[in-house]
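Please read the structure below before turning to the comments.
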Amino acid sequence: MTAKFILPRLRNGFAAATAALLVGAIAMPHAVVAPAMAQETQQKPAIHPQGPASVADLAEGLLGAVVNISTSQTVKGGGEGPGAVPMPQLPEGSPFQDFFDDFFKNRRGDKGGGDEGEGGGDARPQKVQSLGSGFVVDADKGIIVTNNHVIADADEIMVNFSDGMKLKATLVGTDTKTDIAVLKVDPKGKKLTAVKFGDSNKMRIGDWVMAVGNPFGLGGTVTVGIVSARNRDINSGPYDDFIQTDAAINRGNSGGPLFNMEGEVVGINTAIISPSGGSIGIGFSIPSELAAGVVQQLSEYGETRRGWLGVRIQPVTDEIAESLGMKAAQGALVAGVIKGGPVDNGSIQPGDVITKFDGKDVHEMRDLPRVVAESPVGKDVDVVLVRKGAEQTVKVKLGRLEDGEKLAKGEEAKKTPDKAPATTSVLGMTIGDLDDGARSKFGIGAEVAGVVITDVSPNSPAADRGIAPGEVITEIAQESVSSPKDVTDKIKALKDQGRKNALLMLASKTGELRFVTVRID
């Protein structure tokens, strides 16, 4: 539809420009003809075609490795299925009744004898089809890579090759954190074409890339663009590190490869930003640096086996950096240590700032989960951290993330009953002793220790930082507090030192820790 509007405009513009030249030639015959005669004695310069080099040879050798993936899923019929539109409730005798009866009942297959869902329509299970893309990475074993969201909840997965061959696929493994899935097909003696992963770390902004996939069911579609940006975080998962490209990526491209100009896969096309559902030149691909390891683990084990440090972290803000005596806001601030985890022995403590992990710099909080997850389970690594203003290095043996997630879920809050505490006010917070009454009132676990916040004044420094009643102050400026007096004394000492912010460690009712800085008035 777009082409129908654009092409006439291009044609009209061309005609208008031609007409203008003709008019000029008629109005000034000598001005046009004379220079032409003068140039007849001169040799015309050679004309060389301009534009980017063709990718035809590159595409031809890769198309056989890119596949279309179609899935089918059984969903509830009628008005009960996901995304189903319920039949409108019309006034009795409405002239539109027959129309809606036809659309919501007859067209859904209800001829009067079937079971109807609420609001009309066929309530029998229905098959829903979806399309995506993928690519072969192991021709001998029939291993295919795609996005997890392409095959999620599918009852049947079919892989369609560029030569027309169709094979049923089995699911080897999925990873929801990176949105990657690995499939397996039996090539039945036929030689498949495979591609290999390249090094996405070598890709620079401005490098040419080529996307191949199945947009809108149009298999074997090739588009070309550049790397627009790197290390994009689009809040889709804990390890976001996307390559951004302006190569056209549309619905159906999900799971397809992004190639460099050597024919290596440097990304898996996964998401777009678009108000219309079509490409506007902002697409995102999972970098091969991250994808290759996940694919290898899923292919070998059917699951991921990621390294695990066993800490809860948060960003280091400028205020927190100032409170900790750091020159710049960098690294990941340890807000808590998971009980039973690899560093539950005290090697890493709440309040530490991790600045380097296994030789890799941690510039910001989101860098740490990714480098830890990419490390082998059981590996001994050096962790550089800042503790109370001094840098030190500790040795840590990594655990397995999947085991750690079970541990974290198993940490349950324990509750106890009784009375209300005596209170005092500081920085817009009303604080009190954390006794049995406070624990019962706010549901605070028995393992949480410190000073309870019973109220927060609106528009106060504490309210501005999102502090809420029921949270517990466990430390101020990395020193433990156990009574309201400890808190007020510590705040006074910080004021006397000329400090502008107070660094508070807060515990939730379940014991999860976080750091906040509160302005000292």
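In the structure tokens, the first chain shown is A, the next is B, and so on; residue numbers restart at 1 for each chain, and ligands run from 1 in the order shown.
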
Point to revise | DSSP-assigned alpha helix (DSSP H) among range 267-509 of chain A, expressed as a ChimeraX atom specification | key: /A:288-301,318-323,367-373,401-410,436-442,461-464,484-496

Convert the current residue selection to file output with C-alpha atoms, as a short mmCIF file (atom, residue, chain, number, x, y, z; two decimals), in the first residue's frame.
data_model
loop_
_atom_site.label_atom_id
_atom_site.label_comp_id
_atom_site.auth_asym_id
_atom_site.auth_seq_id
_atom_site.Cartn_x
_atom_site.Cartn_y
_atom_site.Cartn_z
CA SER A 288 26.68 -13.74 19.22
CA GLU A 289 29.03 -13.26 22.18
CA LEU A 290 26.06 -13.95 24.47
CA ALA A 291 24.10 -16.30 22.22
CA ALA A 292 26.86 -18.76 21.32
CA GLY A 293 27.41 -19.92 24.91
CA VAL A 294 23.68 -20.30 25.56
CA VAL A 295 23.23 -22.31 22.34
CA GLN A 296 26.14 -24.57 23.25
CA GLN A 297 24.72 -25.30 26.72
CA LEU A 298 21.17 -25.88 25.45
CA SER A 299 22.48 -28.20 22.73
CA GLU A 300 24.63 -30.18 25.17
CA TYR A 301 22.51 -30.22 28.34
CA ASP A 318 26.57 9.71 42.40
CA GLU A 319 25.17 10.19 45.91
CA ILE A 320 26.11 6.65 46.96
CA ALA A 321 29.59 7.05 45.49
CA GLU A 322 30.02 10.28 47.46
CA SER A 323 28.83 8.62 50.66
CA ASP A 367 27.63 -5.55 33.57
CA LEU A 368 28.03 -7.87 36.56
CA PRO A 369 25.14 -10.35 36.07
CA ARG A 370 26.19 -10.89 32.46
CA VAL A 371 29.90 -11.61 33.09
CA VAL A 372 29.07 -13.84 36.07
CA ALA A 373 26.47 -15.80 34.07
CA LEU A 401 22.63 -19.81 39.04
CA GLU A 402 19.81 -22.30 38.57
CA ASP A 403 20.51 -23.75 42.04
CA GLY A 404 20.79 -20.24 43.48
CA GLU A 405 17.37 -19.27 42.18
CA LYS A 406 15.86 -22.15 44.15
CA LEU A 407 17.71 -21.00 47.26
CA ALA A 408 16.53 -17.41 46.83
CA LYS A 409 12.92 -18.53 46.43
CA GLY A 410 13.27 -20.69 49.52
CA ASP A 436 7.71 -8.04 68.66
CA GLY A 437 4.89 -5.51 68.26
CA ALA A 438 6.57 -3.86 65.26
CA ARG A 439 7.34 -7.23 63.70
CA SER A 440 3.72 -8.28 64.06
CA LYS A 441 2.32 -4.97 62.76
CA PHE A 442 4.50 -4.84 59.62
CA PRO A 461 13.89 13.70 52.01
CA ALA A 462 12.98 10.11 52.91
CA ALA A 463 9.77 10.19 50.86
CA ASP A 464 11.70 11.54 47.87
CA PRO A 484 16.46 5.02 67.33
CA LYS A 485 19.22 6.72 69.35
CA ASP A 486 21.88 5.03 67.20
CA VAL A 487 20.19 6.51 64.13
CA THR A 488 19.90 10.06 65.43
CA ASP A 489 23.46 10.01 66.80
CA LYS A 490 24.84 8.80 63.49
CA ILE A 491 22.92 11.43 61.48
CA LYS A 492 24.20 14.14 63.84
CA ALA A 493 27.78 12.89 63.43
CA LEU A 494 27.44 13.03 59.62
CA LYS A 495 26.13 16.62 59.86
CA ASP A 496 29.08 17.58 62.04
#

Check your understanding: Which parts of range 127-344 of chain A does DSSP call strand (DSSP E or B) when run on the backbone here, written out as an MDAnalysis selection string?
Key -> chainID A and resid 127:138 143:147 156:160 166:175 180:184 197 208:213 221:232 242:245 257:259 265:272 283:287 307:308 311:315 332:337
